[in-house]
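In what follows, a structure is listed as structure tokens, so that the remarks can point back to it.
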Protein chains: 2
Amino acid sequence: MDWLNQVKWNAEGLVPVIAQEVGSKDVLMFAWMNREALSQTAESGRAVYFSRSRGRLWAKGEESGHVQTVQEIRLDCDNDVVLLKVTQLGHVPGIACHTGRHSCFFQLLDKNEWKTVEPVLKDPDSIYT
Amino acid sequence: MDWLNQVKWNAEGLVPVIAQEVGSKDVLMFAWMNREALSQTAESGRAVYFSRSRGRLWAKGEESGHVQTVQEIRLDCDNDVVLLKVTQLGHVPGIACHTGRHSCFFQLLDKNEWKTVEPVLKDPDSIYT
């Protein structure tokens, strides 16, 4: 597919991906995709990432049920970063983070310390059973 | 500084950074920081990135005048991605992209094609003179 060829994949064949929630516009998470992940995401309308730690495709929500449906796929000016606009399913409010929080960006720099400023919405032990 | 040591720098000593506009909550751009860039950003309250192409620190707006003041610095759950909440100065509405657009994420996937869906707010030739 030509549109996949236009993406500038890095040396490992990956592209960084930002997931932003539609509505709240909160930045939920950051992950990576390879060509297959982006292709499956576009085809299925559900976010599929590439897990670098597991070395395989990772359908968001496959364990947690916290699936992301994809409203928009955007590409930046250099063709090397993807922005997904998603709806975060499986819990209200949405939980994107494996810690049970809404967003992965819950640590705020405050007086030279990282402080946790967002609540756990669901115990991870009950998400990953 | 301990908080800088808590960031998980990659093999090149860099961390990915997402810049999100305060107010609109638009994702403006994606860049990288090294330790010195993050330190200077926190100290000065203005975004300083590390340009991988130029191999040096890059104070956002140093050429364009499109400076970003930083309201919040956040870190993700794995300590390896930074989210900046910024005010984009130098033009109304803010221009973060070197193409003269508000955001770098102006290409939308539509029927297997990347389509430009955001206007140029200022001619880049008049930004970089």
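Scheme for the structure tokens: letters A, B, ... for chains in order shown; per-chain residue numbers from 1; ligand numbers from 1 in order shown.
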Would you superpose chain B on chain A, least squares on all C-alpha atoms in order, and hand back the fitted chain as a compact mmCIF listing (two decimals) with N, CA, C and O atoms, in the first residue's frame?
# COMPACT_ATOMS: atom_id res chain seq x y z
N MET B 1 0.86 -1.19 -0.07
CA MET B 1 0.02 0.00 -0.02
C MET B 1 0.90 1.24 0.00
O MET B 1 1.78 1.40 0.84
N ASP B 2 0.59 2.15 -0.89
CA ASP B 2 1.40 3.34 -1.04
C ASP B 2 1.45 4.19 0.23
O ASP B 2 2.50 4.71 0.61
N TRP B 3 0.32 4.33 0.91
CA TRP B 3 0.30 5.19 2.11
C TRP B 3 1.20 4.62 3.21
O TRP B 3 1.76 5.39 4.00
N LEU B 4 1.34 3.32 3.25
CA LEU B 4 2.25 2.71 4.23
C LEU B 4 3.71 2.95 3.85
O LEU B 4 4.57 3.11 4.71
N ASN B 5 3.97 2.99 2.55
CA ASN B 5 5.33 3.27 2.08
C ASN B 5 5.74 4.70 2.34
O ASN B 5 6.93 5.01 2.42
N GLN B 6 4.76 5.58 2.46
CA GLN B 6 5.08 7.00 2.69
C GLN B 6 5.50 7.28 4.13
O GLN B 6 6.09 8.31 4.43
N VAL B 7 5.20 6.33 5.03
CA VAL B 7 5.64 6.49 6.42
C VAL B 7 7.14 6.21 6.49
O VAL B 7 7.63 5.25 5.90
N LYS B 8 7.86 7.07 7.19
CA LYS B 8 9.31 6.85 7.35
C LYS B 8 9.54 5.99 8.58
O LYS B 8 9.61 6.48 9.71
N TRP B 9 9.66 4.71 8.35
CA TRP B 9 9.93 3.75 9.42
C TRP B 9 11.38 3.92 9.89
O TRP B 9 12.26 4.19 9.08
N ASN B 10 11.60 3.77 11.20
CA ASN B 10 12.97 3.92 11.69
C ASN B 10 13.80 2.65 11.39
O ASN B 10 13.33 1.75 10.69
N ALA B 11 15.04 2.63 11.88
CA ALA B 11 15.96 1.52 11.56
C ALA B 11 15.39 0.17 11.98
O ALA B 11 15.70 -0.86 11.38
N GLU B 12 14.54 0.18 13.02
CA GLU B 12 13.91 -1.08 13.47
C GLU B 12 12.58 -1.34 12.79
O GLU B 12 11.86 -2.27 13.17
N GLY B 13 12.23 -0.49 11.82
CA GLY B 13 10.96 -0.68 11.12
C GLY B 13 9.76 -0.20 11.92
O GLY B 13 8.64 -0.64 11.69
N LEU B 14 10.00 0.74 12.84
CA LEU B 14 8.93 1.20 13.72
C LEU B 14 8.69 2.70 13.54
O LEU B 14 9.55 3.43 13.05
N VAL B 15 7.51 3.12 14.00
CA VAL B 15 7.18 4.54 14.03
C VAL B 15 6.56 4.83 15.40
O VAL B 15 5.80 4.01 15.93
N PRO B 16 6.91 5.98 16.01
CA PRO B 16 6.29 6.34 17.29
C PRO B 16 4.83 6.75 17.09
O PRO B 16 4.50 7.38 16.07
N VAL B 17 4.00 6.40 18.05
CA VAL B 17 2.56 6.67 17.95
C VAL B 17 2.05 7.32 19.24
O VAL B 17 2.31 6.81 20.34
N ILE B 18 1.34 8.40 19.08
CA ILE B 18 0.69 9.09 20.20
C ILE B 18 -0.80 8.78 20.11
O ILE B 18 -1.40 8.95 19.05
N ALA B 19 -1.40 8.34 21.21
CA ALA B 19 -2.86 8.11 21.24
C ALA B 19 -3.51 9.21 22.05
O ALA B 19 -3.21 9.41 23.23
N GLN B 20 -4.41 9.94 21.39
CA GLN B 20 -5.13 11.05 22.03
C GLN B 20 -6.61 10.71 22.05
O GLN B 20 -7.19 10.28 21.04
N GLU B 21 -7.25 10.94 23.19
CA GLU B 21 -8.66 10.62 23.33
C GLU B 21 -9.53 11.66 22.64
O GLU B 21 -9.38 12.87 22.88
N VAL B 22 -10.43 11.19 21.80
CA VAL B 22 -11.44 12.07 21.20
C VAL B 22 -12.34 12.59 22.33
O VAL B 22 -12.66 11.86 23.26
N GLY B 23 -12.73 13.83 22.25
CA GLY B 23 -13.62 14.38 23.28
C GLY B 23 -12.80 15.12 24.32
O GLY B 23 -12.66 16.34 24.25
N SER B 24 -12.19 14.38 25.23
CA SER B 24 -11.37 15.01 26.27
C SER B 24 -10.10 15.63 25.71
O SER B 24 -9.54 16.54 26.29
N LYS B 25 -9.64 15.09 24.59
CA LYS B 25 -8.37 15.47 23.96
C LYS B 25 -7.16 15.17 24.85
O LYS B 25 -6.06 15.67 24.62
N ASP B 26 -7.34 14.36 25.87
CA ASP B 26 -6.21 13.96 26.70
C ASP B 26 -5.26 13.07 25.91
O ASP B 26 -5.70 12.22 25.13
N VAL B 27 -3.97 13.27 26.12
CA VAL B 27 -2.98 12.34 25.57
C VAL B 27 -2.97 11.12 26.49
O VAL B 27 -2.67 11.24 27.68
N LEU B 28 -3.34 9.98 25.95
CA LEU B 28 -3.52 8.78 26.77
C LEU B 28 -2.23 7.99 26.93
O LEU B 28 -1.91 7.52 28.01
N MET B 29 -1.53 7.80 25.82
CA MET B 29 -0.36 6.92 25.86
C MET B 29 0.53 7.16 24.64
O MET B 29 0.14 7.87 23.70
N PHE B 30 1.68 6.56 24.70
CA PHE B 30 2.65 6.59 23.61
C PHE B 30 3.10 5.16 23.38
O PHE B 30 3.34 4.42 24.34
N ALA B 31 3.18 4.75 22.12
CA ALA B 31 3.62 3.38 21.82
C ALA B 31 4.29 3.38 20.45
O ALA B 31 4.59 4.44 19.88
N TRP B 32 4.54 2.20 19.93
CA TRP B 32 5.20 2.05 18.64
C TRP B 32 4.36 1.17 17.73
O TRP B 32 3.60 0.32 18.21
N MET B 33 4.48 1.36 16.45
CA MET B 33 3.86 0.47 15.47
C MET B 33 4.90 0.07 14.43
O MET B 33 5.76 0.88 14.07
N ASN B 34 4.77 -1.16 13.96
CA ASN B 34 5.46 -1.53 12.72
C ASN B 34 4.43 -1.46 11.59
O ASN B 34 3.27 -1.07 11.79
N ARG B 35 4.88 -1.79 10.41
CA ARG B 35 4.01 -1.68 9.25
C ARG B 35 2.73 -2.49 9.40
O ARG B 35 1.63 -2.02 9.09
N GLU B 36 2.88 -3.71 9.92
CA GLU B 36 1.72 -4.59 10.07
C GLU B 36 0.74 -4.03 11.10
O GLU B 36 -0.48 -4.10 10.90
N ALA B 37 1.26 -3.45 12.17
CA ALA B 37 0.39 -2.88 13.20
C ALA B 37 -0.41 -1.70 12.64
O ALA B 37 -1.62 -1.60 12.89
N LEU B 38 0.24 -0.85 11.88
CA LEU B 38 -0.47 0.31 11.32
C LEU B 38 -1.49 -0.14 10.28
O LEU B 38 -2.61 0.37 10.23
N SER B 39 -1.11 -1.12 9.49
CA SER B 39 -2.03 -1.67 8.49
C SER B 39 -3.27 -2.26 9.16
O SER B 39 -4.40 -1.97 8.76
N GLN B 40 -3.06 -3.07 10.20
CA GLN B 40 -4.20 -3.69 10.91
C GLN B 40 -5.06 -2.64 11.60
O GLN B 40 -6.29 -2.76 11.66
N THR B 41 -4.41 -1.60 12.15
CA THR B 41 -5.15 -0.53 12.81
C THR B 41 -6.08 0.17 11.83
O THR B 41 -7.25 0.42 12.12
N ALA B 42 -5.54 0.48 10.65
CA ALA B 42 -6.34 1.17 9.64
C ALA B 42 -7.48 0.29 9.15
O ALA B 42 -8.60 0.75 8.97
N GLU B 43 -7.18 -0.98 8.99
CA GLU B 43 -8.18 -1.90 8.44
C GLU B 43 -9.29 -2.21 9.45
O GLU B 43 -10.46 -2.23 9.09
N SER B 44 -8.89 -2.43 10.70
CA SER B 44 -9.87 -2.88 11.70
C SER B 44 -10.55 -1.73 12.42
O SER B 44 -11.61 -1.92 13.02
N GLY B 45 -9.91 -0.54 12.43
CA GLY B 45 -10.46 0.57 13.21
C GLY B 45 -10.22 0.41 14.70
O GLY B 45 -10.81 1.13 15.52
N ARG B 46 -9.33 -0.51 15.06
CA ARG B 46 -8.93 -0.68 16.47
C ARG B 46 -7.42 -0.60 16.56
O ARG B 46 -6.72 -1.13 15.70
N ALA B 47 -6.93 0.03 17.62
CA ALA B 47 -5.49 0.25 17.74
C ALA B 47 -4.74 -1.06 17.97
O ALA B 47 -5.05 -1.82 18.89
N VAL B 48 -3.77 -1.29 17.11
CA VAL B 48 -2.84 -2.42 17.24
C VAL B 48 -1.44 -1.83 17.26
O VAL B 48 -1.06 -1.12 16.32
N TYR B 49 -0.71 -2.10 18.30
CA TYR B 49 0.65 -1.57 18.43
C TYR B 49 1.65 -2.71 18.25
O TYR B 49 1.28 -3.88 18.13
N PHE B 50 2.93 -2.32 18.25
CA PHE B 50 4.00 -3.33 18.28
C PHE B 50 4.69 -3.22 19.62
O PHE B 50 5.24 -2.17 19.97
N SER B 51 4.67 -4.29 20.38
CA SER B 51 5.32 -4.30 21.68
C SER B 51 6.79 -4.61 21.51
O SER B 51 7.16 -5.72 21.09
N ARG B 52 7.64 -3.62 21.81
CA ARG B 52 9.08 -3.85 21.68
C ARG B 52 9.57 -4.84 22.73
O ARG B 52 10.46 -5.63 22.48
N SER B 53 8.98 -4.82 23.93
CA SER B 53 9.43 -5.74 24.98
C SER B 53 9.04 -7.19 24.66
O SER B 53 9.82 -8.11 24.91
N ARG B 54 7.86 -7.36 24.06
CA ARG B 54 7.41 -8.72 23.74
C ARG B 54 7.78 -9.12 22.31
O ARG B 54 7.66 -10.31 21.95
N GLY B 55 8.20 -8.15 21.51
CA GLY B 55 8.62 -8.45 20.14
C GLY B 55 7.50 -8.98 19.26
O GLY B 55 7.72 -9.81 18.37
N ARG B 56 6.29 -8.49 19.49
CA ARG B 56 5.15 -8.96 18.70
C ARG B 56 4.05 -7.89 18.66
O ARG B 56 4.07 -6.96 19.45
N LEU B 57 3.11 -8.10 17.74
CA LEU B 57 1.95 -7.22 17.68
C LEU B 57 1.17 -7.32 18.99
O LEU B 57 1.12 -8.39 19.62
N TRP B 58 0.55 -6.21 19.33
CA TRP B 58 -0.17 -6.13 20.59
C TRP B 58 -1.46 -5.36 20.32
O TRP B 58 -1.44 -4.16 20.12
N ALA B 59 -2.55 -6.12 20.23
CA ALA B 59 -3.86 -5.49 20.03
C ALA B 59 -4.25 -4.86 21.36
O ALA B 59 -4.44 -5.56 22.36
N LYS B 60 -4.32 -3.53 21.38
CA LYS B 60 -4.62 -2.84 22.63
C LYS B 60 -5.93 -3.38 23.20
O LYS B 60 -6.94 -3.44 22.50
N GLY B 61 -5.88 -3.81 24.46
CA GLY B 61 -7.06 -4.35 25.11
C GLY B 61 -7.17 -5.86 25.05
O GLY B 61 -8.13 -6.42 25.57
N GLU B 62 -6.20 -6.51 24.42
CA GLU B 62 -6.31 -7.97 24.25
C GLU B 62 -6.34 -8.71 25.59
O GLU B 62 -6.97 -9.75 25.71
N GLU B 63 -5.68 -8.13 26.59
CA GLU B 63 -5.74 -8.72 27.94
C GLU B 63 -6.68 -7.95 28.85
O GLU B 63 -7.45 -8.52 29.60
N SER B 64 -6.61 -6.63 28.75
CA SER B 64 -7.34 -5.76 29.69
C SER B 64 -8.79 -5.54 29.30
O SER B 64 -9.61 -5.14 30.12
N GLY B 65 -9.10 -5.77 28.03
CA GLY B 65 -10.41 -5.37 27.52
C GLY B 65 -10.49 -3.88 27.21
O GLY B 65 -11.53 -3.41 26.73
N HIS B 66 -9.42 -3.14 27.46
CA HIS B 66 -9.42 -1.70 27.24
C HIS B 66 -9.01 -1.37 25.80
O HIS B 66 -7.96 -0.82 25.53
N VAL B 67 -9.91 -1.76 24.93
CA VAL B 67 -9.74 -1.58 23.48
C VAL B 67 -9.84 -0.10 23.11
O VAL B 67 -10.54 0.66 23.78
N GLN B 68 -9.10 0.29 22.09
CA GLN B 68 -9.22 1.65 21.54
C GLN B 68 -9.79 1.57 20.13
O GLN B 68 -9.19 0.94 19.26
N THR B 69 -10.92 2.23 19.90
CA THR B 69 -11.39 2.39 18.53
C THR B 69 -10.79 3.69 17.98
O THR B 69 -10.59 4.65 18.71
N VAL B 70 -10.51 3.66 16.69
CA VAL B 70 -9.71 4.72 16.08
C VAL B 70 -10.58 5.59 15.18
O VAL B 70 -11.17 5.11 14.21
N GLN B 71 -10.66 6.88 15.51
CA GLN B 71 -11.46 7.83 14.72
C GLN B 71 -10.63 8.46 13.61
O GLN B 71 -11.13 8.73 12.53
N GLU B 72 -9.37 8.74 13.92
CA GLU B 72 -8.50 9.38 12.93
C GLU B 72 -7.09 8.83 13.06
O GLU B 72 -6.63 8.55 14.16
N ILE B 73 -6.42 8.72 11.92
CA ILE B 73 -4.99 8.42 11.90
C ILE B 73 -4.31 9.58 11.21
O ILE B 73 -4.64 9.91 10.06
N ARG B 74 -3.40 10.22 11.91
CA ARG B 74 -2.69 11.37 11.35
C ARG B 74 -1.19 11.11 11.31
O ARG B 74 -0.67 10.32 12.09
N LEU B 75 -0.53 11.81 10.41
CA LEU B 75 0.91 11.67 10.22
C LEU B 75 1.52 13.06 10.30
O LEU B 75 0.91 14.03 9.84
N ASP B 76 2.71 13.16 10.85
CA ASP B 76 3.29 14.49 11.03
C ASP B 76 4.03 14.96 9.76
O ASP B 76 4.10 14.26 8.75
N CYS B 77 4.56 16.16 9.84
CA CYS B 77 5.18 16.84 8.70
C CYS B 77 6.38 16.09 8.14
O CYS B 77 6.69 16.22 6.96
N ASP B 78 7.07 15.34 9.00
CA ASP B 78 8.23 14.57 8.54
C ASP B 78 7.89 13.12 8.19
O ASP B 78 8.79 12.32 7.89
N ASN B 79 6.61 12.78 8.26
CA ASN B 79 6.14 11.43 7.96
C ASN B 79 6.73 10.36 8.88
O ASN B 79 6.77 9.19 8.51
N ASP B 80 7.16 10.77 10.08
CA ASP B 80 7.78 9.77 10.95
C ASP B 80 7.17 9.68 12.35
O ASP B 80 7.78 9.05 13.23
N VAL B 81 6.02 10.29 12.55
CA VAL B 81 5.28 10.14 13.82
C VAL B 81 3.79 10.06 13.49
O VAL B 81 3.30 10.84 12.66
N VAL B 82 3.09 9.14 14.16
CA VAL B 82 1.66 8.95 13.95
C VAL B 82 0.89 9.45 15.17
O VAL B 82 1.32 9.26 16.31
N LEU B 83 -0.22 10.12 14.91
CA LEU B 83 -1.15 10.52 15.97
C LEU B 83 -2.47 9.81 15.73
O LEU B 83 -3.08 9.97 14.67
N LEU B 84 -2.90 9.01 16.71
CA LEU B 84 -4.20 8.35 16.64
C LEU B 84 -5.19 9.13 17.48
O LEU B 84 -4.90 9.47 18.63
N LYS B 85 -6.37 9.37 16.94
CA LYS B 85 -7.46 9.91 17.76
C LYS B 85 -8.40 8.76 18.06
O LYS B 85 -8.95 8.15 17.13
N VAL B 86 -8.52 8.44 19.34
CA VAL B 86 -9.17 7.19 19.74
C VAL B 86 -10.29 7.41 20.74
O VAL B 86 -10.34 8.43 21.44
N THR B 87 -11.18 6.43 20.79
CA THR B 87 -12.11 6.30 21.90
C THR B 87 -11.63 5.13 22.75
O THR B 87 -11.38 4.05 22.23
N GLN B 88 -11.49 5.41 24.04
CA GLN B 88 -10.95 4.40 24.95
C GLN B 88 -12.11 3.63 25.58
O GLN B 88 -12.85 4.19 26.39
N LEU B 89 -12.26 2.37 25.20
CA LEU B 89 -13.38 1.56 25.66
C LEU B 89 -13.02 0.72 26.90
O LEU B 89 -11.87 0.66 27.30
N GLY B 90 -14.03 0.08 27.49
CA GLY B 90 -13.81 -0.92 28.55
C GLY B 90 -14.03 -0.41 29.95
O GLY B 90 -14.09 -1.19 30.89
N HIS B 91 -14.10 0.90 30.13
CA HIS B 91 -14.30 1.47 31.46
C HIS B 91 -14.71 2.93 31.25
O HIS B 91 -14.31 3.54 30.26
N VAL B 92 -15.52 3.46 32.18
CA VAL B 92 -15.87 4.88 32.12
C VAL B 92 -15.44 5.52 33.44
O VAL B 92 -15.90 5.08 34.49
N PRO B 93 -14.54 6.55 33.42
CA PRO B 93 -13.81 7.05 32.24
C PRO B 93 -12.80 6.03 31.73
O PRO B 93 -12.47 5.08 32.43
N GLY B 94 -12.33 6.26 30.51
CA GLY B 94 -11.41 5.34 29.87
C GLY B 94 -10.13 5.11 30.65
O GLY B 94 -9.62 6.03 31.28
N ILE B 95 -9.65 3.89 30.60
CA ILE B 95 -8.36 3.53 31.21
C ILE B 95 -7.43 3.09 30.09
O ILE B 95 -7.66 2.05 29.47
N ALA B 96 -6.38 3.88 29.84
CA ALA B 96 -5.41 3.50 28.82
C ALA B 96 -4.16 2.89 29.43
O ALA B 96 -3.43 2.15 28.78
N CYS B 97 -3.90 3.20 30.69
CA CYS B 97 -2.62 2.84 31.31
C CYS B 97 -2.71 1.51 32.04
O CYS B 97 -3.72 1.22 32.69
N HIS B 98 -1.61 0.75 31.98
CA HIS B 98 -1.58 -0.57 32.64
C HIS B 98 -1.59 -0.43 34.16
O HIS B 98 -1.77 -1.42 34.87
N THR B 99 -1.40 0.80 34.67
CA THR B 99 -1.47 1.01 36.11
C THR B 99 -2.92 1.22 36.58
O THR B 99 -3.16 1.45 37.76
N GLY B 100 -3.86 1.20 35.62
CA GLY B 100 -5.27 1.41 35.96
C GLY B 100 -5.68 2.87 35.96
O GLY B 100 -6.76 3.22 36.40
N ARG B 101 -4.80 3.72 35.42
CA ARG B 101 -5.11 5.16 35.32
C ARG B 101 -5.63 5.50 33.93
O ARG B 101 -5.38 4.79 32.97
N HIS B 102 -6.29 6.65 33.87
CA HIS B 102 -6.84 7.15 32.61
C HIS B 102 -5.74 7.27 31.55
O HIS B 102 -5.85 6.76 30.44
N SER B 103 -4.69 7.98 31.90
CA SER B 103 -3.59 8.28 30.98
C SER B 103 -2.28 7.78 31.58
O SER B 103 -2.13 7.69 32.81
N CYS B 104 -1.34 7.46 30.71
CA CYS B 104 -0.01 7.06 31.18
C CYS B 104 0.78 8.25 31.73
O CYS B 104 1.77 8.05 32.44
N PHE B 105 0.35 9.47 31.42
CA PHE B 105 1.15 10.66 31.80
C PHE B 105 0.65 11.23 33.12
O PHE B 105 0.13 12.34 33.18
N PHE B 106 0.83 10.45 34.17
CA PHE B 106 0.27 10.83 35.47
C PHE B 106 1.32 11.35 36.44
O PHE B 106 0.99 11.65 37.59
N GLN B 107 2.57 11.46 35.97
CA GLN B 107 3.63 11.98 36.84
C GLN B 107 3.97 13.41 36.42
O GLN B 107 4.38 13.65 35.29
N LEU B 108 3.81 14.32 37.35
CA LEU B 108 4.02 15.76 37.10
C LEU B 108 5.28 16.22 37.81
O LEU B 108 5.48 15.93 39.00
N LEU B 109 6.13 16.94 37.08
CA LEU B 109 7.34 17.50 37.71
C LEU B 109 6.94 18.67 38.59
O LEU B 109 6.37 19.66 38.12
N ASP B 110 7.25 18.57 39.86
CA ASP B 110 6.87 19.59 40.84
C ASP B 110 8.02 19.75 41.82
O ASP B 110 8.33 18.80 42.56
N LYS B 111 8.65 20.90 41.79
CA LYS B 111 9.79 21.18 42.69
C LYS B 111 10.82 20.06 42.62
O LYS B 111 11.21 19.47 43.64
N ASN B 112 11.26 19.76 41.40
CA ASN B 112 12.31 18.75 41.18
C ASN B 112 11.94 17.34 41.65
O ASN B 112 12.82 16.55 42.00
N GLU B 113 10.65 17.07 41.66
CA GLU B 113 10.19 15.71 41.97
C GLU B 113 9.05 15.32 41.05
O GLU B 113 8.20 16.15 40.74
N TRP B 114 9.03 14.04 40.63
CA TRP B 114 7.90 13.52 39.88
C TRP B 114 6.82 13.11 40.86
O TRP B 114 7.04 12.21 41.68
N LYS B 115 5.67 13.78 40.76
CA LYS B 115 4.58 13.47 41.69
C LYS B 115 3.41 12.86 40.94
O LYS B 115 3.02 13.37 39.88
N THR B 116 2.85 11.80 41.48
CA THR B 116 1.68 11.16 40.88
C THR B 116 0.46 12.03 41.15
O THR B 116 0.15 12.31 42.31
N VAL B 117 -0.19 12.47 40.05
CA VAL B 117 -1.29 13.43 40.21
C VAL B 117 -2.61 12.92 39.63
O VAL B 117 -3.57 13.68 39.54
N GLU B 118 -2.65 11.66 39.22
CA GLU B 118 -3.90 11.11 38.68
C GLU B 118 -4.24 9.83 39.44
O GLU B 118 -3.35 9.04 39.76
N PRO B 119 -5.53 9.62 39.71
CA PRO B 119 -5.92 8.46 40.52
C PRO B 119 -5.94 7.15 39.73
O PRO B 119 -6.13 7.15 38.52
N VAL B 120 -5.75 6.06 40.44
CA VAL B 120 -5.99 4.72 39.89
C VAL B 120 -7.51 4.52 39.84
O VAL B 120 -8.18 4.63 40.86
N LEU B 121 -8.03 4.24 38.64
CA LEU B 121 -9.48 4.09 38.47
C LEU B 121 -9.92 2.66 38.70
O LEU B 121 -11.07 2.40 39.03
N LYS B 122 -8.98 1.74 38.49
CA LYS B 122 -9.30 0.32 38.69
C LYS B 122 -8.00 -0.40 39.06
O LYS B 122 -6.96 -0.17 38.43
N ASP B 123 -8.07 -1.27 40.05
CA ASP B 123 -6.90 -2.01 40.50
C ASP B 123 -6.36 -2.88 39.35
O ASP B 123 -7.09 -3.70 38.80
N PRO B 124 -5.09 -2.69 38.99
CA PRO B 124 -4.52 -3.49 37.89
C PRO B 124 -4.67 -4.99 38.11
O PRO B 124 -4.82 -5.75 37.15
N ASP B 125 -4.67 -5.44 39.37
CA ASP B 125 -4.83 -6.88 39.65
C ASP B 125 -6.19 -7.38 39.18
O ASP B 125 -6.34 -8.57 38.87
N SER B 126 -7.17 -6.50 39.14
CA SER B 126 -8.49 -6.93 38.66
C SER B 126 -8.65 -6.69 37.15
O SER B 126 -9.61 -7.15 36.55
N ILE B 127 -7.68 -5.96 36.57
CA ILE B 127 -7.69 -5.77 35.11
C ILE B 127 -7.02 -6.96 34.43
O ILE B 127 -7.52 -7.52 33.46
N TYR B 128 -5.87 -7.33 34.97
CA TYR B 128 -5.06 -8.41 34.36
C TYR B 128 -5.16 -9.63 35.25
O TYR B 128 -4.38 -9.81 36.17
N THR B 129 -6.16 -10.44 35.00
CA THR B 129 -6.40 -11.59 35.89
C THR B 129 -5.96 -12.89 35.22
O THR B 129 -5.76 -12.95 34.02
- Please run DSSP on the backbone and report, as number ranges by chain, all residues within chain B that come out as strand (DSSP E). B: 14-21, 27-34, 48-51, 56-59, 68-75, 82-88, 107-110, 113-116
All helix (DSSP H, G or I) positions in segment 13-97 of chain B, as a compact mmCIF listing (two decimals) with all heavy atoms, in the first residue's frame:
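Saved result, states.txt, follows:
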# COMPACT_ATOMS: atom_id res chain seq x y z
N ARG B 35 19.37 14.88 28.22
CA ARG B 35 19.33 15.32 29.61
C ARG B 35 19.45 16.83 29.75
O ARG B 35 18.72 17.47 30.50
CB ARG B 35 20.49 14.61 30.34
CG ARG B 35 20.48 14.76 31.83
CD ARG B 35 21.71 14.05 32.42
NE ARG B 35 21.87 14.43 33.79
CZ ARG B 35 21.41 13.73 34.84
NH1 ARG B 35 20.81 12.59 34.64
NH2 ARG B 35 21.57 14.18 36.06
N GLU B 36 20.36 17.40 28.96
CA GLU B 36 20.60 18.84 29.04
C GLU B 36 19.37 19.63 28.55
O GLU B 36 19.01 20.66 29.14
CB GLU B 36 21.84 19.20 28.20
CG GLU B 36 22.22 20.67 28.19
CD GLU B 36 22.58 21.20 29.59
OE1 GLU B 36 22.95 20.39 30.46
OE2 GLU B 36 22.48 22.43 29.79
N ALA B 37 18.73 19.12 27.52
CA ALA B 37 17.53 19.80 26.99
C ALA B 37 16.40 19.80 28.02
O ALA B 37 15.75 20.82 28.24
CB ALA B 37 17.07 19.12 25.70
N LEU B 38 16.21 18.67 28.67
CA LEU B 38 15.14 18.59 29.68
C LEU B 38 15.47 19.46 30.88
O LEU B 38 14.59 20.15 31.43
CB LEU B 38 14.90 17.14 30.09
CG LEU B 38 13.75 16.91 31.08
CD1 LEU B 38 12.44 17.53 30.61
CD2 LEU B 38 13.55 15.41 31.34
N SER B 39 16.72 19.45 31.27
CA SER B 39 17.16 20.28 32.38
C SER B 39 16.93 21.76 32.08
O SER B 39 16.37 22.50 32.89
CB SER B 39 18.64 20.00 32.67
OG SER B 39 19.13 20.89 33.63
N GLN B 40 17.35 22.20 30.88
CA GLN B 40 17.17 23.61 30.49
C GLN B 40 15.70 23.98 30.38
O GLN B 40 15.29 25.09 30.72
CB GLN B 40 17.88 23.89 29.17
CG GLN B 40 19.40 23.94 29.28
CD GLN B 40 20.05 24.54 28.04
OE1 GLN B 40 19.41 25.20 27.23
NE2 GLN B 40 21.35 24.27 27.88
N THR B 41 14.89 23.04 29.87
CA THR B 41 13.45 23.29 29.74
C THR B 41 12.82 23.53 31.12
O THR B 41 12.05 24.47 31.30
CB THR B 41 12.77 22.09 29.05
OG1 THR B 41 13.29 21.96 27.73
CG2 THR B 41 11.26 22.26 28.99
N ALA B 42 13.19 22.67 32.06
CA ALA B 42 12.62 22.81 33.41
C ALA B 42 13.09 24.10 34.07
O ALA B 42 12.31 24.79 34.72
CB ALA B 42 13.02 21.61 34.26
N GLU B 43 14.34 24.43 33.85
CA GLU B 43 14.91 25.61 34.50
C GLU B 43 14.38 26.91 33.90
O GLU B 43 14.05 27.85 34.62
CB GLU B 43 16.45 25.57 34.38
CG GLU B 43 17.14 26.71 35.08
CD GLU B 43 18.31 26.20 35.90
OE1 GLU B 43 18.45 24.98 36.07
OE2 GLU B 43 19.10 27.02 36.35
N SER B 44 14.30 26.94 32.57
CA SER B 44 13.95 28.20 31.89
C SER B 44 12.45 28.37 31.71
O SER B 44 11.98 29.49 31.48
CB SER B 44 14.62 28.25 30.52
OG SER B 44 14.03 27.29 29.66
